[in-house]
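To be precise, the following lines are query12.cif, and they hold mmCIF, C-alpha atoms.
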```cif
data_data
#
loop_
_atom_site.label_atom_id
_atom_site.label_comp_id
_atom_site.auth_asym_id
_atom_site.auth_seq_id
_atom_site.Cartn_x
_atom_site.Cartn_y
_atom_site.Cartn_z
CA MET A 1 114.49 104.56 87.82
CA ARG A 2 112.66 102.45 90.38
CA PHE A 3 109.66 103.64 92.33
CA ARG A 4 108.37 102.31 95.63
CA PHE A 5 104.71 102.71 94.65
CA CYS A 6 105.46 100.61 91.53
CA TRP A 7 106.77 97.82 93.78
CA ASP A 8 110.39 98.91 93.31
CA VAL A 9 110.38 98.62 89.52
CA ASP A 10 110.18 101.16 86.70
CA CYS A 11 106.95 103.05 86.22
CA PRO A 12 104.86 101.59 83.38
CA ASP A 13 104.90 103.68 80.18
CA TRP A 14 101.11 103.88 80.06
CA LEU A 15 101.10 105.47 83.52
CA LEU A 16 103.62 108.11 82.48
CA ALA A 17 101.28 109.14 79.66
CA GLU A 18 98.32 109.30 82.03
CA ILE A 19 100.21 111.42 84.56
CA ALA A 20 100.57 114.06 81.86
CA THR A 21 96.82 113.79 81.21
CA LEU A 22 95.98 114.19 84.90
CA SER A 23 97.86 117.49 84.88
CA LYS A 24 95.08 118.91 82.67
CA LEU A 25 92.79 118.96 85.70
CA SER A 26 93.19 121.52 88.43
CA SER A 27 94.60 120.11 91.64
CA VAL A 28 91.19 120.60 93.32
CA LYS A 29 89.45 118.59 90.58
CA LEU A 30 92.13 115.91 90.70
CA ARG A 31 91.48 115.62 94.42
CA LEU A 32 87.75 115.16 93.73
CA LEU A 33 88.52 112.50 91.12
CA ALA A 34 90.95 110.72 93.43
CA GLY A 35 88.44 110.80 96.29
CA SER A 36 85.73 109.29 94.12
CA VAL A 37 88.08 106.61 92.75
CA THR A 38 89.42 105.80 96.21
CA LYS A 39 85.95 105.25 97.64
CA SER A 40 85.10 103.02 94.68
CA ILE A 41 88.02 100.75 95.53
CA TYR A 42 86.59 99.71 98.87
CA GLU A 43 82.89 100.44 98.26
CA ALA A 44 82.82 98.91 94.73
CA SER A 45 80.79 101.74 93.19
CA LEU A 46 82.29 104.60 91.19
CA ASN A 47 80.35 107.88 91.06
CA TYR A 48 80.19 108.32 87.27
CA ASP A 49 78.55 111.74 87.58
CA VAL A 50 81.70 113.12 89.20
CA VAL A 51 83.92 111.48 86.61
CA THR A 52 81.78 112.72 83.70
CA LYS A 53 81.77 116.30 84.99
CA LEU A 54 85.51 116.30 85.56
CA ALA A 55 86.13 114.70 82.15
CA ASN A 56 84.03 117.39 80.46
CA ASP A 57 85.93 120.12 82.31
CA ALA A 58 89.26 118.66 81.14
CA LYS A 59 87.88 118.02 77.63
CA TRP A 60 88.68 114.33 77.87
CA SER A 61 87.06 111.75 75.65
CA GLU A 62 85.23 108.86 77.31
CA ASP A 63 88.32 106.69 76.76
CA GLY A 64 90.50 109.43 78.25
CA ALA A 65 88.30 109.60 81.34
CA GLN A 66 88.43 105.82 81.76
CA ALA A 67 92.22 105.88 81.40
CA ALA A 68 92.52 108.65 84.01
CA VAL A 69 90.34 106.68 86.44
CA ALA A 70 92.43 103.55 85.80
CA ALA A 71 95.66 105.48 86.40
CA VAL A 72 94.46 106.97 89.69
CA ARG A 73 93.11 103.59 90.82
CA TRP A 74 96.39 101.87 89.92
CA VAL A 75 98.52 104.45 91.73
CA LEU A 76 96.41 104.30 94.89
CA LYS A 77 96.12 100.51 95.04
CA SER A 78 99.77 99.93 94.17
CA ALA A 79 100.98 102.45 96.72
CA ALA A 80 98.78 100.96 99.45
CA GLY A 81 99.79 97.43 98.52
CA ALA A 82 103.47 98.34 98.60
CA ALA A 83 103.00 100.09 101.99
CA VAL A 84 104.29 103.41 100.65
CA THR A 85 104.05 106.42 102.95
CA PRO A 86 102.22 109.49 101.67
CA SER A 87 105.44 111.53 101.65
CA VAL A 88 107.23 108.95 99.48
CA LEU A 89 104.26 108.79 97.10
CA ASP A 90 104.23 112.59 96.84
CA SER A 91 107.93 112.69 96.01
CA GLU A 92 107.71 109.90 93.45
CA LEU A 93 104.69 111.41 91.66
CA GLN A 94 106.59 114.68 91.34
CA GLN A 95 109.62 112.80 89.96
CA LEU A 96 107.31 111.39 87.28
CA GLY A 97 106.26 114.90 86.24
CA LEU A 98 103.03 115.46 88.13
CA PRO A 99 102.96 119.11 89.30
CA LYS A 100 103.58 119.64 93.01
CA GLU A 101 100.01 120.79 93.74
CA HIS A 102 98.56 117.80 91.87
CA ALA A 103 100.85 115.34 93.63
CA ALA A 104 99.91 116.88 96.98
CA ALA A 105 96.19 116.56 96.17
CA LEU A 106 96.50 112.90 95.20
CA THR A 107 98.73 112.17 98.18
CA ARG A 108 96.34 113.83 100.60
CA VAL A 109 93.47 111.62 99.41
CA TYR A 110 95.78 108.60 99.64
CA GLY A 111 96.82 109.47 103.21
CA ASP A 112 93.22 110.10 104.29
CA HIS A 113 92.03 106.73 102.94
CA LEU A 114 95.14 104.61 103.54
CA PRO A 115 93.74 102.59 106.47
CA ARG A 116 90.61 101.61 104.51
CA LEU A 117 92.61 100.88 101.35
CA THR A 118 94.98 98.65 103.27
CA GLN A 119 92.12 96.86 105.00
CA HIS A 120 90.39 96.28 101.65
CA LEU A 121 93.56 94.92 100.07
CA HIS A 122 94.06 92.52 102.99
CA GLN A 123 90.49 91.29 102.72
CA THR A 124 90.63 90.73 98.97
CA SER A 125 94.13 89.30 98.59
CA LEU A 126 94.67 85.62 97.98
CA LYS A 127 96.50 85.32 101.27
CA GLU A 128 93.81 86.93 103.39
CA GLY A 129 90.72 86.62 101.21
CA GLY A 130 89.54 83.15 102.10
CA GLU A 131 90.03 79.58 101.02
CA VAL A 132 91.69 79.14 97.63
CA GLN A 133 91.17 75.98 95.61
CA TRP A 134 93.82 74.99 93.03
CA GLN A 135 93.44 72.46 90.29
CA CYS A 136 96.08 71.22 87.88
CA ARG A 137 95.58 68.90 84.93
CA VAL A 138 97.94 67.76 82.19
CA ALA A 139 96.15 67.37 78.89
CA GLY A 140 96.93 67.03 75.23
CA VAL A 141 95.88 69.34 72.44
CA GLY A 142 95.75 68.10 68.88
CA VAL A 143 97.88 70.18 66.52
CA GLY A 144 97.61 68.63 63.10
CA ALA A 145 98.51 64.98 63.47
CA ASP A 146 100.52 65.56 66.67
CA MET A 147 99.41 65.86 70.29
CA GLU A 148 100.94 68.79 72.15
CA PRO A 149 100.99 68.58 75.97
CA VAL A 150 99.44 71.46 77.90
CA VAL A 151 98.87 72.14 81.57
CA GLU A 152 95.55 73.52 82.77
CA LEU A 153 95.82 75.48 86.02
CA GLY A 154 92.62 76.46 87.79
CA LEU A 155 92.08 78.82 90.70
CA GLU A 156 88.81 79.22 92.55
CA GLN A 157 88.11 81.62 95.39
CA GLU A 158 84.72 82.62 96.80
CA GLY A 159 82.84 81.40 93.74
CA CYS A 160 85.10 83.09 91.17
CA SER A 161 87.17 80.80 89.03
CA THR A 162 90.01 81.36 86.61
CA LYS A 163 91.60 78.87 84.25
CA VAL A 164 94.95 79.20 82.49
CA VAL A 165 96.26 76.83 79.82
CA LEU A 166 100.04 76.73 79.43
CA THR A 167 102.45 75.01 77.08
CA PRO A 168 105.50 73.37 78.68
CA THR A 169 107.65 76.38 77.70
CA GLN A 170 105.15 78.80 79.22
CA LEU A 171 104.95 76.70 82.38
CA HIS A 172 108.74 76.73 82.80
CA ALA A 173 108.78 80.51 82.25
CA LEU A 174 106.01 80.96 84.84
CA VAL A 175 107.85 78.85 87.42
CA HIS A 176 111.05 80.80 86.76
CA GLU A 177 109.27 84.18 87.13
CA LEU A 178 107.50 83.06 90.31
CA ASN A 179 110.84 82.02 91.79
CA GLU A 180 112.29 85.44 90.91
CA ALA A 181 109.26 87.13 92.47
CA ARG A 182 109.68 85.09 95.65
CA GLN A 183 113.36 86.09 95.86
CA LEU A 184 112.44 89.77 95.44
CA MET A 185 109.76 89.51 98.10
CA ASP A 186 112.14 87.76 100.49
CA ALA A 187 114.71 90.49 99.92
CA VAL A 188 112.14 93.21 100.69
CA HIS A 189 110.88 91.57 103.87
#
```

Represent the structure contained in this file as structure tokens.
Amino acid sequence: MRFRFCWDVDCPDWLLAEIATLSKLSSVKLRLLAGSVTKSIYEASLNYDVVTKLANDAKWSEDGAQAAVAAVRWVLKSAAGAAVTPSVLDSELQQLGLPKEHAAALTRVYGDHLPRLTQHLHQTSLKEGGEVQWQCRVAGVGVGADMEPVVELGLEQEGCSTKVVLTPTQLHALVHELNEARQLMDAVH
């Protein structure tokens, strides 16, 4: 089944497991967790005291608390990025097994913060986030007595840089997947 907040693809398995974990909180506490996580998305500072208290109430381990925070963050950012309405998000979360009250709590936080989430995503995306510098270099890597060609792709934006090294097979797969992604995006818009 495809979900709008998952960018019209199936929900990841890890998220399904976390949705069951989120049900261990009361809907009021889930709303507090979601509010804290939402603010951390655009203010870049998570209130760990709130998370720790809620994790203790739900008897989560530290890893469980981190996974719950990651799940809530992923749902909120993905839904905002995919321009999902609160009512659609509510329906889809219920389809995934989140109780109605819990889905309503998460959706309410999402709806209340949607303008700021959207603004933050626009400001931090590659398209809107400033000048992007690309570098590409073909190199050779010694494997035994042979030289294997590799491609080094570099991306730099606002002082942050990322480098990826790809074999020819990986490069062809990446180009193919990017073309498929472009086709999907064109079909949506």

Per-residue nearest contacts of region 75-179 of chain A to region 39-43 of chain A (12 Å; all atoms listed in the file) as CSV:
```
residue,atom,partner,partner_atom,distance
A:Val75,CA,A:Ile41,CA,11.8
A:Leu76,CA,A:Ile41,CA,9.1
A:Lys77,CA,A:Ile41,CA,8.1
A:Ser78,CA,A:Ile41,CA,11.9
A:Ala80,CA,A:Ile41,CA,11.5
A:Val109,CA,A:Lys39,CA,10.0
A:Tyr110,CA,A:Lys39,CA,10.6
A:Asp112,CA,A:Lys39,CA,11.0
A:His113,CA,A:Lys39,CA,8.2
A:Leu114,CA,A:Tyr42,CA,10.9
A:Pro115,CA,A:Tyr42,CA,10.8
A:Arg116,CA,A:Tyr42,CA,7.2
A:Leu117,CA,A:Tyr42,CA,6.6
A:Thr118,CA,A:Tyr42,CA,9.5
A:Gln119,CA,A:Tyr42,CA,8.7
A:His120,CA,A:Tyr42,CA,5.8
A:Leu121,CA,A:Tyr42,CA,8.5
A:His122,CA,A:Tyr42,CA,11.2
A:Gln123,CA,A:Tyr42,CA,10.0
A:Thr124,CA,A:Tyr42,CA,9.8
```

Practice item. Please evaluate the PyMOL selection byres ((chain A and resi 159) around 12) against the structure above and give the resulting residues as an MDAnalysis selection string. Key: chainID A and resid 130:133 155:158 160:162

Given the selection you just returned, output its residues as a file containing C-alpha atoms, formatted as a short mmCIF file (atom, residue, chain, number, x, y, z; two decimals), in the coordinates of the input.
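Below is the file that was written, out-v7.cif:
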```cif
data_model
loop_
_atom_site.label_atom_id
_atom_site.label_comp_id
_atom_site.auth_asym_id
_atom_site.auth_seq_id
_atom_site.Cartn_x
_atom_site.Cartn_y
_atom_site.Cartn_z
CA GLY A 130 89.54 83.15 102.10
CA GLU A 131 90.03 79.58 101.02
CA VAL A 132 91.69 79.14 97.63
CA GLN A 133 91.17 75.98 95.61
CA LEU A 155 92.08 78.82 90.70
CA GLU A 156 88.81 79.22 92.55
CA GLN A 157 88.11 81.62 95.39
CA GLU A 158 84.72 82.62 96.80
CA CYS A 160 85.10 83.09 91.17
CA SER A 161 87.17 80.80 89.03
CA THR A 162 90.01 81.36 86.61
#
```

Exercise for review: Determine the nearest neighbour of Glu101 (chain A) from the options A:Arg2, A:Leu25, A:Asp186, A:Glu180, counting all atoms listed in the file.
Suggested key: A:Leu25

**Study point:** Neighbour list for Leu96 (chain A) as a list in words, cut-off 9 Å, all atoms listed in the file, skip fewer than 6 positions in-chain
**Key:**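 What passes the distance filter is Cys11, Leu16 and Ile19 of chain A.
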
Just so the selection is clear, what residues does the PyMOL selection byres ((chain A and resi 12) around 12) cover here, as a short mmCIF file (atom, residue, chain, number, x, y, z; two decimals) with C-alpha atoms, in the coordinates of the input?
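Below you can see out_26.cif, which holds the result:
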```
data_model
loop_
_atom_site.label_atom_id
_atom_site.label_comp_id
_atom_site.auth_asym_id
_atom_site.auth_seq_id
_atom_site.Cartn_x
_atom_site.Cartn_y
_atom_site.Cartn_z
CA MET A 1 114.49 104.56 87.82
CA ARG A 2 112.66 102.45 90.38
CA PHE A 3 109.66 103.64 92.33
CA PHE A 5 104.71 102.71 94.65
CA CYS A 6 105.46 100.61 91.53
CA TRP A 7 106.77 97.82 93.78
CA ASP A 8 110.39 98.91 93.31
CA VAL A 9 110.38 98.62 89.52
CA ASP A 10 110.18 101.16 86.70
CA CYS A 11 106.95 103.05 86.22
CA ASP A 13 104.90 103.68 80.18
CA TRP A 14 101.11 103.88 80.06
CA LEU A 15 101.10 105.47 83.52
CA LEU A 16 103.62 108.11 82.48
CA ALA A 17 101.28 109.14 79.66
CA GLU A 18 98.32 109.30 82.03
CA ILE A 19 100.21 111.42 84.56
CA ALA A 71 95.66 105.48 86.40
CA TRP A 74 96.39 101.87 89.92
CA VAL A 75 98.52 104.45 91.73
CA LEU A 96 107.31 111.39 87.28
#
```

**Study point:** Output check: residues returned by the PyMOL selection byres ((chain A and resi 94) around 12), as a ChimeraX atom specification
**Key:** /A:3,16,19-20,23,87-93,95-107

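Taking all atoms listed in the file into account, Leu46 (chain A) lies nearest to A:Ala34 out of the set A:Ala34, A:Ala79, A:Met147, A:Ala139.
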
Practice item. Work out how far CA of Thr167 (chain A) is from CA of Gly142 (chain A), in Å to one decimal. Key: 12.6 Å

Review point. Pick from A:Ala55, A:Leu166, A:Val72, A:Ala67: nearest to Glu152 (chain A), with all atoms listed in the file counted?
Key: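 Closest residue, counting all atoms listed in the file: A:Leu166.
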
Study note, to complete from the structure: From CA of Tyr48 (chain A) to CA of Val69 (chain A) the spacing works out at 10.3 Å

Revision key, fill the gap. Separating CA of Ala44 (chain A) from CA of Ala65 (chain A), to the nearest tenth of an Å, is a gap of 18.0 Å

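Using all atoms listed in the file, the protein and nucleic acid residues lying at most 12 Å from the point (88.0, 117.5, 79.9) are Thr21, Leu22, Ser23, Lys24, Leu25, Ser26, Lys29, Leu30, Val51, Thr52, Lys53, Leu54, Ala55, Asn56, Asp57, Ala58, Lys59, Trp60, Ser61, Glu62, Asp63, Gly64, Ala65, Gln66 and Ala68 of chain A.
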
Exercise for review: Return the single residue from A:Ser36, A:Val151, A:Arg4, A:Thr169 that is closest to Pro86 (chain A), with distances computed using all atoms listed in the file.
Suggested key: A:Arg4
